[in-house]
$ cat structure_27.cif   # mmCIF, C-alpha atoms
data_coords
loop_
_atom_site.label_atom_id
_atom_site.label_comp_id
_atom_site.auth_asym_id
_atom_site.auth_seq_id
_atom_site.Cartn_x
_atom_site.Cartn_y
_atom_site.Cartn_z
CA MET A 14 61.71 48.70 -56.55
CA THR A 15 59.28 51.30 -57.95
CA PRO A 16 55.68 50.41 -57.06
CA LEU A 17 53.19 49.92 -59.88
CA LEU A 18 50.75 52.29 -58.16
CA HIS A 19 51.90 54.99 -55.74
CA LEU A 20 49.78 57.52 -53.86
CA ARG A 21 51.38 59.87 -51.33
CA ASP A 22 49.44 62.30 -49.10
CA VAL A 23 46.69 62.69 -51.71
CA THR A 24 44.01 65.32 -51.10
CA ALA A 25 40.96 65.96 -53.27
CA PHE A 26 37.78 68.04 -53.33
CA TYR A 27 34.28 67.79 -54.75
CA GLY A 28 33.78 71.46 -55.46
CA PRO A 29 34.31 73.26 -52.13
CA VAL A 30 33.98 70.04 -50.09
CA GLN A 31 37.18 68.21 -49.21
CA ALA A 32 36.85 64.43 -49.64
CA LEU A 33 40.42 63.15 -49.28
CA PHE A 34 42.69 64.39 -46.51
CA GLY A 35 45.88 62.39 -47.06
CA VAL A 36 45.69 59.01 -48.77
CA THR A 37 48.95 57.08 -49.04
CA LEU A 38 49.30 53.61 -50.56
CA ASN A 39 51.66 51.53 -52.65
CA LEU A 40 50.86 48.50 -54.79
CA ALA A 41 53.61 46.37 -56.31
CA GLU A 42 53.45 44.53 -59.62
CA GLY A 43 51.65 41.21 -59.14
CA GLU A 44 50.25 42.21 -55.75
CA VAL A 45 46.65 42.24 -54.51
CA LEU A 46 45.93 45.24 -52.29
CA ALA A 47 42.65 45.57 -50.37
CA LEU A 48 41.41 49.14 -49.98
CA MET A 49 39.16 49.12 -46.94
CA GLY A 50 37.07 51.37 -44.72
CA ARG A 51 33.52 52.02 -43.65
CA ASN A 52 31.02 53.50 -46.11
CA GLY A 53 31.78 57.08 -47.06
CA MET A 54 35.42 57.02 -45.97
CA GLY A 55 36.91 57.76 -49.40
CA LYS A 56 37.52 54.42 -51.11
CA THR A 57 35.65 55.15 -54.35
CA THR A 58 36.95 58.72 -54.32
CA THR A 59 40.50 57.37 -54.11
CA ILE A 60 39.82 55.18 -57.13
CA ALA A 61 38.41 58.20 -58.98
CA THR A 62 41.62 60.14 -58.35
CA VAL A 63 43.71 57.25 -59.69
CA LEU A 64 41.59 57.07 -62.85
CA ARG A 65 41.62 60.90 -63.15
CA LEU A 66 37.84 61.01 -62.93
CA LEU A 67 38.54 63.42 -60.08
CA ALA A 68 41.59 65.69 -59.98
CA HIS A 69 43.62 65.62 -56.79
CA SER A 70 44.57 68.96 -55.28
CA GLY A 71 47.64 67.84 -53.36
CA GLY A 72 50.02 64.96 -52.99
CA GLU A 73 51.28 62.57 -55.63
CA VAL A 74 49.64 59.90 -57.84
CA ARG A 75 51.90 57.75 -60.00
CA PHE A 76 51.31 54.65 -62.09
CA ALA A 77 54.27 52.67 -63.44
CA GLY A 78 56.44 55.65 -62.55
CA VAL A 79 54.31 58.11 -64.55
CA ASP A 80 52.93 61.20 -62.80
CA LEU A 81 49.17 61.21 -63.45
CA HIS A 82 48.47 64.73 -62.20
CA ALA A 83 47.84 66.39 -65.57
CA MET A 84 46.80 63.31 -67.51
CA PRO A 85 43.23 62.88 -68.86
CA SER A 86 41.36 59.74 -67.85
CA HIS A 87 41.45 58.08 -71.28
CA ARG A 88 45.23 58.27 -71.32
CA VAL A 89 45.44 56.81 -67.82
CA ALA A 90 43.32 53.88 -68.97
CA ARG A 91 45.69 53.32 -71.87
CA LEU A 92 48.61 53.13 -69.45
CA GLY A 93 47.04 49.87 -68.31
CA ILE A 94 44.39 50.39 -65.62
CA GLY A 95 41.16 48.43 -66.02
CA LEU A 96 38.21 49.51 -63.86
CA VAL A 97 35.28 47.38 -62.72
CA PRO A 98 33.10 50.19 -61.35
CA GLU A 99 30.64 49.99 -58.51
CA GLY A 100 27.24 49.28 -60.06
CA ARG A 101 28.67 47.38 -63.06
CA ARG A 102 27.64 49.93 -65.75
CA CYS A 103 27.51 47.51 -68.65
CA PHE A 104 26.36 48.84 -72.02
CA GLY A 105 22.78 47.59 -71.74
CA PRO A 106 21.63 47.60 -75.39
CA LEU A 107 24.85 45.93 -76.58
CA SER A 108 25.29 42.17 -76.57
CA VAL A 109 27.74 40.43 -74.28
CA ALA A 110 30.09 39.93 -77.24
CA GLU A 111 29.83 43.61 -78.19
CA ASN A 112 30.52 44.73 -74.60
CA LEU A 113 33.70 42.68 -74.65
CA THR A 114 34.73 43.68 -78.17
CA VAL A 115 34.50 47.44 -77.61
CA ALA A 116 37.02 47.17 -74.77
CA ALA A 117 39.48 44.84 -76.50
CA ARG A 118 43.15 45.74 -76.66
CA PRO A 119 46.05 43.49 -77.71
CA GLY A 120 47.18 40.95 -75.15
CA PRO A 121 46.49 37.52 -73.71
CA TRP A 122 42.93 38.26 -72.61
CA ASP A 123 40.39 37.54 -75.34
CA MET A 124 36.78 36.35 -75.42
CA ALA A 125 37.74 32.69 -75.22
CA ARG A 126 39.77 33.29 -72.08
CA ILE A 127 36.98 35.40 -70.54
CA CYS A 128 34.53 32.56 -71.15
CA ALA A 129 36.94 30.12 -69.54
CA LEU A 130 37.08 32.39 -66.48
CA PHE A 131 33.29 32.88 -66.39
CA PRO A 132 31.61 30.02 -68.31
CA ARG A 133 28.14 31.55 -67.81
CA LEU A 134 29.01 34.20 -70.39
CA GLN A 135 29.64 31.63 -73.14
CA ASP A 136 25.92 31.00 -73.65
CA ARG A 137 25.03 34.69 -73.37
CA MET A 138 27.22 36.11 -76.14
CA ALA A 139 24.34 37.25 -78.35
CA GLN A 140 22.18 38.41 -75.45
CA PRO A 141 21.80 42.13 -74.62
CA ALA A 142 23.64 42.98 -71.43
CA LYS A 143 20.55 44.57 -69.89
CA THR A 144 18.79 41.16 -69.90
CA LEU A 145 21.49 39.44 -67.84
CA SER A 146 21.15 38.77 -64.14
CA GLY A 147 23.03 41.04 -61.76
CA GLY A 148 25.71 38.40 -61.24
CA GLU A 149 26.15 37.84 -64.96
CA GLN A 150 26.43 41.58 -65.52
CA GLN A 151 29.16 41.69 -62.87
CA MET A 152 31.04 38.88 -64.62
CA LEU A 153 30.67 40.83 -67.86
CA ALA A 154 32.00 44.00 -66.22
CA ILE A 155 35.06 42.12 -65.00
CA GLY A 156 35.50 40.51 -68.40
CA ARG A 157 35.22 43.87 -70.14
CA ALA A 158 37.96 45.31 -67.91
CA LEU A 159 40.19 42.30 -68.55
CA MET A 160 39.70 42.68 -72.31
CA THR A 161 41.73 45.90 -72.02
CA ASN A 162 44.60 43.64 -70.90
CA PRO A 163 45.37 45.85 -67.90
CA ARG A 164 48.51 45.89 -65.80
CA LEU A 165 46.26 46.83 -62.87
CA LEU A 166 42.69 45.64 -62.37
CA VAL A 167 40.57 47.80 -60.04
CA LEU A 168 37.54 46.08 -58.47
CA ASP A 169 35.14 48.44 -56.69
CA GLU A 170 32.60 46.42 -54.65
CA ALA A 171 32.50 43.65 -57.28
CA THR A 172 30.26 41.32 -55.25
CA GLU A 173 27.97 43.80 -53.49
CA GLY A 174 24.30 42.82 -53.51
CA LEU A 175 24.77 39.49 -55.27
CA ALA A 176 23.44 36.08 -54.28
CA PRO A 177 25.93 33.98 -52.26
CA ILE A 178 26.42 31.37 -54.99
CA VAL A 179 27.21 34.05 -57.57
CA ARG A 180 29.54 35.81 -55.14
CA GLN A 181 31.47 32.57 -54.82
CA GLU A 182 31.80 32.27 -58.60
CA ILE A 183 33.18 35.78 -58.83
CA TRP A 184 35.60 35.28 -55.91
CA ALA A 185 36.78 32.06 -57.55
CA GLY A 186 37.52 34.08 -60.68
CA VAL A 187 39.43 36.68 -58.67
CA ARG A 188 41.47 33.94 -56.98
CA HIS A 189 42.33 32.62 -60.45
CA LEU A 190 43.50 36.09 -61.49
CA ARG A 191 45.64 36.37 -58.38
CA ALA A 192 47.25 32.99 -59.08
CA ALA A 193 48.01 34.17 -62.62
CA GLY A 194 49.91 37.18 -61.22
CA GLN A 195 47.38 39.90 -62.03
CA SER A 196 47.91 43.11 -60.05
CA ILE A 197 44.62 44.00 -58.32
CA LEU A 198 43.30 46.86 -56.22
CA VAL A 199 40.11 45.57 -54.60
CA VAL A 200 37.42 47.28 -52.53
CA ASP A 201 35.09 44.94 -50.66
CA LYS A 202 33.57 44.46 -47.22
CA SER A 203 34.09 40.71 -46.86
CA LEU A 204 37.11 40.17 -44.63
CA ALA A 205 36.94 36.40 -45.10
CA GLU A 206 37.03 36.62 -48.88
CA LEU A 207 39.70 39.33 -48.90
CA ALA A 208 41.88 37.24 -46.59
CA ALA A 209 42.02 34.55 -49.29
CA ILE A 210 43.36 36.88 -51.98
CA ALA A 211 44.90 40.05 -50.53
CA ASP A 212 48.62 40.39 -49.83
CA ARG A 213 48.25 43.71 -48.03
CA ALA A 214 45.55 46.14 -46.92
CA VAL A 215 45.12 49.88 -46.58
CA ILE A 216 42.35 51.25 -44.37
CA LEU A 217 40.84 54.69 -44.88
CA GLU A 218 38.99 56.74 -42.31
CA ARG A 219 37.54 60.15 -43.13
CA GLY A 220 39.49 60.33 -46.35
CA ALA A 221 42.92 59.50 -44.93
CA THR A 222 45.08 56.41 -44.57
CA VAL A 223 44.94 55.27 -40.94
CA TRP A 224 46.42 51.76 -41.26
CA SER A 225 48.41 49.78 -43.79
CA GLY A 226 50.24 46.49 -43.63
CA ASN A 227 50.18 42.81 -44.49
CA PHE A 228 46.68 41.42 -44.52
CA ALA A 229 47.75 38.75 -42.05
CA ASP A 230 48.53 41.54 -39.57
CA LEU A 231 44.99 42.93 -39.74
CA THR A 232 43.89 41.82 -36.26
CA PRO A 233 40.26 41.65 -35.04
CA GLN A 234 41.01 44.65 -32.83
CA ILE A 235 42.14 46.76 -35.82
CA ALA A 236 39.19 45.55 -37.90
CA ASN A 237 36.74 46.39 -35.15
CA ARG A 238 38.24 49.84 -34.61
CA TYR A 239 38.22 50.93 -38.26
CA LEU A 240 35.76 48.62 -40.01
CA GLY A 241 33.16 47.73 -37.38
CA VAL A 242 29.68 49.17 -37.41
#
$ encode --input "structure_27.cif" --output "structure tokens"
Amino acid sequence: MTPLLHLRDVTAFYGPVQALFGVTLNLAEGEVLALMGRNGMGKTTTIATVLRLLAHSGGEVRFAGVDLHAMPSHRVARLGIGLVPEGRRCFGPLSVAENLTVAARPGPWDMARICALFPRLQDRMAQPAKTLSGGEQQMLAIGRALMTNPRLLVLDEATEGLAPIVRQEIWAGVRHLRAAGQSILVVDKSLAELAAIADRAVILERGATVWSGNFADLTPQIANRYLGV
């Protein structure tokens, strides 16, 4: 079966500086894949190459069987990839409703369903996004990505820096998405939370894939070797 997302031996540069040295991963339809590694090991750069925010110089990047090499980022998004970027990046002056509306594409995800997933947003619809708490902005960023009705949802550090109670609300939402069959590529540092949602994991070190397999096979020894401080 053709994977939904396929990267093979991907290399990439920021100007003269090489950032990726051989990233390989596959994500099947309906699967949750954890992309892991210490800080600075290439996780966000890998996401940027998938979204065509950074061109790869070697290897292969395919989504739903389509070669993304020469495709601009807006066309990649329209293929069905929804990004929740690190740092949220909501449209601050726009209301919650406007943030959701500008991203809307036809499909099952609409504002009512977003509010069912994150009830906090229901009472904030007329409120400018910049006045929300950090956790509420993160919920809005996830909701905005879902409003594109993506085949693949990409979560880049979706709970970083948030209060524990808010983190739990967001992880509960992600677990709901997993149960509904949403394909997800997730970057996060919490092994305990990832263990509850991820089918498989890929670990990067110095811009290359060094381990991949079922999440259940990610032993403490492997985690300590590649993820420990």
$ atom_distance --input "structure_27.cif" --atom1 "CA of Arg188 (chain A)" --atom2 "CA of Gly156 (chain A)"
14.5 Å
$ closest_residue --input "structure_27.cif" --among "A:Ala25, A:Ala68, A:Gly50, A:Leu18" --to "Thr222 (chain A)" --atoms "only C-alpha atoms"
A:Gly50
$ resolve_selection --input "structure_27.cif" --expression "the PyMOL selection byres ((chain A and resi 171) around 10)" --output "list in words"
Val97, Pro98, Glu99, Gly100, Arg101, Gly148, Gln151, Met152, Ala154, Ile155, Val167, Leu168, Asp169, Glu170, Thr172, Glu173, Gly174, Leu175, Arg180, Ile183, Trp184, Val187, Val199, Val200 and Asp201 of chain A
$ atom_distance --input "structure_27.cif" --atom1 "CA of Leu92 (chain A)" --atom2 "CA of Phe76 (chain A)"
8.0 Å
$ atom_distance --input "structure_27.cif" --atom1 "CA of Val23 (chain A)" --atom2 "CA of Leu96 (chain A)"
19.8 Å
$ closest_residue --input "structure_27.cif" --among "A:Trp122, A:Phe104, A:Tyr239, A:Phe131" --to "Ser225 (chain A)" --atoms "all atoms listed in the file"
A:Tyr239
$ residues_around --input "structure_27.cif" --residues "Ala229 (chain A)" --least-positions-apart "3" --cutoff "10 Å" --atoms "all atoms listed in the file" --output "NGL selection string"
:A and (208 or 211-214 or 226 or 232)
$ closest_residue --input "structure_27.cif" --among "A:Gly72, A:Gly186, A:Gly95, A:Pro141" --to "Phe34 (chain A)" --atoms "only C-alpha atoms"
A:Gly72
$ decode --input "structure_27.cif" --residues "region 127-170 of chain A" --atoms "N, CA and C atoms" --output "PDB file, in the first residue's frame"
ATOM      1  N   ILE A 127     -15.431  22.179  15.632  1.00  0.00           N
ATOM      2  CA  ILE A 127     -14.249  22.683  16.334  1.00  0.00           C
ATOM      3  C   ILE A 127     -14.613  23.027  17.776  1.00  0.00           C
ATOM      4  N   CYS A 128     -15.759  23.663  17.968  1.00  0.00           N
ATOM      5  CA  CYS A 128     -16.186  24.033  19.321  1.00  0.00           C
ATOM      6  C   CYS A 128     -16.527  22.805  20.155  1.00  0.00           C
ATOM      7  N   ALA A 129     -16.986  21.759  19.516  1.00  0.00           N
ATOM      8  CA  ALA A 129     -17.229  20.514  20.247  1.00  0.00           C
ATOM      9  C   ALA A 129     -15.914  19.883  20.691  1.00  0.00           C
ATOM     10  N   LEU A 130     -14.880  20.030  19.862  1.00  0.00           N
ATOM     11  CA  LEU A 130     -13.562  19.489  20.200  1.00  0.00           C
ATOM     12  C   LEU A 130     -12.903  20.314  21.306  1.00  0.00           C
ATOM     13  N   PHE A 131     -13.012  21.650  21.183  1.00  0.00           N
ATOM     14  CA  PHE A 131     -12.429  22.571  22.163  1.00  0.00           C
ATOM     15  C   PHE A 131     -13.505  23.551  22.630  1.00  0.00           C
ATOM     16  N   PRO A 132     -14.308  23.171  23.627  1.00  0.00           N
ATOM     17  CA  PRO A 132     -15.435  24.012  24.061  1.00  0.00           C
ATOM     18  C   PRO A 132     -15.036  25.412  24.508  1.00  0.00           C
ATOM     19  N   ARG A 133     -13.806  25.612  24.943  1.00  0.00           N
ATOM     20  CA  ARG A 133     -13.364  26.948  25.358  1.00  0.00           C
ATOM     21  C   ARG A 133     -13.549  27.979  24.245  1.00  0.00           C
ATOM     22  N   LEU A 134     -13.401  27.536  23.005  1.00  0.00           N
ATOM     23  CA  LEU A 134     -13.473  28.482  21.890  1.00  0.00           C
ATOM     24  C   LEU A 134     -14.889  28.989  21.637  1.00  0.00           C
ATOM     25  N   GLN A 135     -15.894  28.259  22.089  1.00  0.00           N
ATOM     26  CA  GLN A 135     -17.279  28.637  21.833  1.00  0.00           C
ATOM     27  C   GLN A 135     -17.581  30.036  22.362  1.00  0.00           C
ATOM     28  N   ASP A 136     -17.100  30.332  23.563  1.00  0.00           N
ATOM     29  CA  ASP A 136     -17.368  31.627  24.184  1.00  0.00           C
ATOM     30  C   ASP A 136     -16.386  32.710  23.764  1.00  0.00           C
ATOM     31  N   ARG A 137     -15.460  32.385  22.873  1.00  0.00           N
ATOM     32  CA  ARG A 137     -14.429  33.345  22.463  1.00  0.00           C
ATOM     33  C   ARG A 137     -14.575  33.753  20.999  1.00  0.00           C
ATOM     34  N   MET A 138     -15.653  33.381  20.361  1.00  0.00           N
ATOM     35  CA  MET A 138     -15.772  33.547  18.913  1.00  0.00           C
ATOM     36  C   MET A 138     -15.590  34.990  18.447  1.00  0.00           C
ATOM     37  N   ALA A 139     -16.072  35.955  19.224  1.00  0.00           N
ATOM     38  CA  ALA A 139     -15.961  37.355  18.804  1.00  0.00           C
ATOM     39  C   ALA A 139     -14.708  38.028  19.336  1.00  0.00           C
ATOM     40  N   GLN A 140     -13.895  37.305  20.057  1.00  0.00           N
ATOM     41  CA  GLN A 140     -12.731  37.862  20.742  1.00  0.00           C
ATOM     42  C   GLN A 140     -11.519  37.844  19.821  1.00  0.00           C
ATOM     43  N   PRO A 141     -10.725  38.932  19.786  1.00  0.00           N
ATOM     44  CA  PRO A 141      -9.495  38.900  18.974  1.00  0.00           C
ATOM     45  C   PRO A 141      -8.548  37.803  19.457  1.00  0.00           C
ATOM     46  N   ALA A 142      -7.911  37.138  18.538  1.00  0.00           N
ATOM     47  CA  ALA A 142      -7.049  36.014  18.892  1.00  0.00           C
ATOM     48  C   ALA A 142      -5.910  36.437  19.807  1.00  0.00           C
ATOM     49  N   LYS A 143      -5.424  37.673  19.643  1.00  0.00           N
ATOM     50  CA  LYS A 143      -4.289  38.120  20.449  1.00  0.00           C
ATOM     51  C   LYS A 143      -4.637  38.270  21.923  1.00  0.00           C
ATOM     52  N   THR A 144      -5.933  38.299  22.268  1.00  0.00           N
ATOM     53  CA  THR A 144      -6.337  38.434  23.670  1.00  0.00           C
ATOM     54  C   THR A 144      -6.568  37.084  24.344  1.00  0.00           C
ATOM     55  N   LEU A 145      -6.435  35.996  23.617  1.00  0.00           N
ATOM     56  CA  LEU A 145      -6.622  34.669  24.198  1.00  0.00           C
ATOM     57  C   LEU A 145      -5.407  34.273  25.013  1.00  0.00           C
ATOM     58  N   SER A 146      -5.596  33.343  25.921  1.00  0.00           N
ATOM     59  CA  SER A 146      -4.468  32.752  26.630  1.00  0.00           C
ATOM     60  C   SER A 146      -3.646  31.907  25.652  1.00  0.00           C
ATOM     61  N   GLY A 147      -2.436  31.545  26.086  1.00  0.00           N
ATOM     62  CA  GLY A 147      -1.597  30.721  25.222  1.00  0.00           C
ATOM     63  C   GLY A 147      -2.255  29.402  24.870  1.00  0.00           C
ATOM     64  N   GLY A 148      -2.904  28.772  25.844  1.00  0.00           N
ATOM     65  CA  GLY A 148      -3.583  27.510  25.587  1.00  0.00           C
ATOM     66  C   GLY A 148      -4.742  27.657  24.630  1.00  0.00           C
ATOM     67  N   GLU A 149      -5.506  28.737  24.784  1.00  0.00           N
ATOM     68  CA  GLU A 149      -6.629  28.970  23.879  1.00  0.00           C
ATOM     69  C   GLU A 149      -6.140  29.265  22.467  1.00  0.00           C
ATOM     70  N   GLN A 150      -5.025  29.997  22.358  1.00  0.00           N
ATOM     71  CA  GLN A 150      -4.463  30.229  21.031  1.00  0.00           C
ATOM     72  C   GLN A 150      -4.014  28.921  20.385  1.00  0.00           C
ATOM     73  N   GLN A 151      -3.491  27.994  21.203  1.00  0.00           N
ATOM     74  CA  GLN A 151      -3.073  26.706  20.641  1.00  0.00           C
ATOM     75  C   GLN A 151      -4.284  25.917  20.154  1.00  0.00           C
ATOM     76  N   MET A 152      -5.364  25.940  20.931  1.00  0.00           N
ATOM     77  CA  MET A 152      -6.597  25.287  20.488  1.00  0.00           C
ATOM     78  C   MET A 152      -7.098  25.912  19.190  1.00  0.00           C
ATOM     79  N   LEU A 153      -6.995  27.228  19.093  1.00  0.00           N
ATOM     80  CA  LEU A 153      -7.414  27.917  17.872  1.00  0.00           C
ATOM     81  C   LEU A 153      -6.533  27.510  16.695  1.00  0.00           C
ATOM     82  N   ALA A 154      -5.224  27.399  16.926  1.00  0.00           N
ATOM     83  CA  ALA A 154      -4.318  27.000  15.842  1.00  0.00           C
ATOM     84  C   ALA A 154      -4.643  25.598  15.337  1.00  0.00           C
ATOM     85  N   ILE A 155      -4.973  24.702  16.257  1.00  0.00           N
ATOM     86  CA  ILE A 155      -5.369  23.349  15.844  1.00  0.00           C
ATOM     87  C   ILE A 155      -6.685  23.400  15.090  1.00  0.00           C
ATOM     88  N   GLY A 156      -7.636  24.177  15.637  1.00  0.00           N
ATOM     89  CA  GLY A 156      -8.926  24.309  14.966  1.00  0.00           C
ATOM     90  C   GLY A 156      -8.798  24.894  13.575  1.00  0.00           C
ATOM     91  N   ARG A 157      -7.935  25.892  13.430  1.00  0.00           N
ATOM     92  CA  ARG A 157      -7.731  26.518  12.120  1.00  0.00           C
ATOM     93  C   ARG A 157      -7.189  25.502  11.121  1.00  0.00           C
ATOM     94  N   ALA A 158      -6.237  24.667  11.558  1.00  0.00           N
ATOM     95  CA  ALA A 158      -5.704  23.634  10.662  1.00  0.00           C
ATOM     96  C   ALA A 158      -6.779  22.619  10.292  1.00  0.00           C
ATOM     97  N   LEU A 159      -7.611  22.248  11.254  1.00  0.00           N
ATOM     98  CA  LEU A 159      -8.675  21.277  10.972  1.00  0.00           C
ATOM     99  C   LEU A 159      -9.734  21.850  10.036  1.00  0.00           C
ATOM    100  N   MET A 160      -9.927  23.160  10.070  1.00  0.00           N
ATOM    101  CA  MET A 160     -10.913  23.786   9.181  1.00  0.00           C
ATOM    102  C   MET A 160     -10.527  23.643   7.710  1.00  0.00           C
ATOM    103  N   THR A 161      -9.260  23.332   7.434  1.00  0.00           N
ATOM    104  CA  THR A 161      -8.855  23.056   6.055  1.00  0.00           C
ATOM    105  C   THR A 161      -9.265  21.644   5.638  1.00  0.00           C
ATOM    106  N   ASN A 162      -9.808  20.885   6.594  1.00  0.00           N
ATOM    107  CA  ASN A 162     -10.199  19.490   6.366  1.00  0.00           C
ATOM    108  C   ASN A 162      -9.055  18.687   5.746  1.00  0.00           C
ATOM    109  N   PRO A 163      -7.942  18.606   6.499  1.00  0.00           N
ATOM    110  CA  PRO A 163      -6.736  17.982   5.945  1.00  0.00           C
ATOM    111  C   PRO A 163      -6.784  16.459   5.960  1.00  0.00           C
ATOM    112  N   ARG A 164      -6.088  15.856   5.024  1.00  0.00           N
ATOM    113  CA  ARG A 164      -5.846  14.409   5.089  1.00  0.00           C
ATOM    114  C   ARG A 164      -4.770  14.113   6.123  1.00  0.00           C
ATOM    115  N   LEU A 165      -3.817  15.056   6.272  1.00  0.00           N
ATOM    116  CA  LEU A 165      -2.738  14.908   7.240  1.00  0.00           C
ATOM    117  C   LEU A 165      -2.666  16.164   8.101  1.00  0.00           C
ATOM    118  N   LEU A 166      -2.708  15.971   9.411  1.00  0.00           N
ATOM    119  CA  LEU A 166      -2.543  17.068  10.361  1.00  0.00           C
ATOM    120  C   LEU A 166      -1.129  16.995  10.929  1.00  0.00           C
ATOM    121  N   VAL A 167      -0.393  18.105  10.863  1.00  0.00           N
ATOM    122  CA  VAL A 167       0.975  18.173  11.360  1.00  0.00           C
ATOM    123  C   VAL A 167       0.988  19.047  12.606  1.00  0.00           C
ATOM    124  N   LEU A 168       1.387  18.464  13.734  1.00  0.00           N
ATOM    125  CA  LEU A 168       1.435  19.172  15.013  1.00  0.00           C
ATOM    126  C   LEU A 168       2.889  19.337  15.431  1.00  0.00           C
ATOM    127  N   ASP A 169       3.376  20.575  15.418  1.00  0.00           N
ATOM    128  CA  ASP A 169       4.764  20.850  15.775  1.00  0.00           C
ATOM    129  C   ASP A 169       4.809  21.481  17.169  1.00  0.00           C
ATOM    130  N   GLU A 170       5.144  20.661  18.178  1.00  0.00           N
ATOM    131  CA  GLU A 170       5.251  21.118  19.573  1.00  0.00           C
ATOM    132  C   GLU A 170       3.961  21.809  20.022  1.00  0.00           C
TER     133      GLU A 170
END
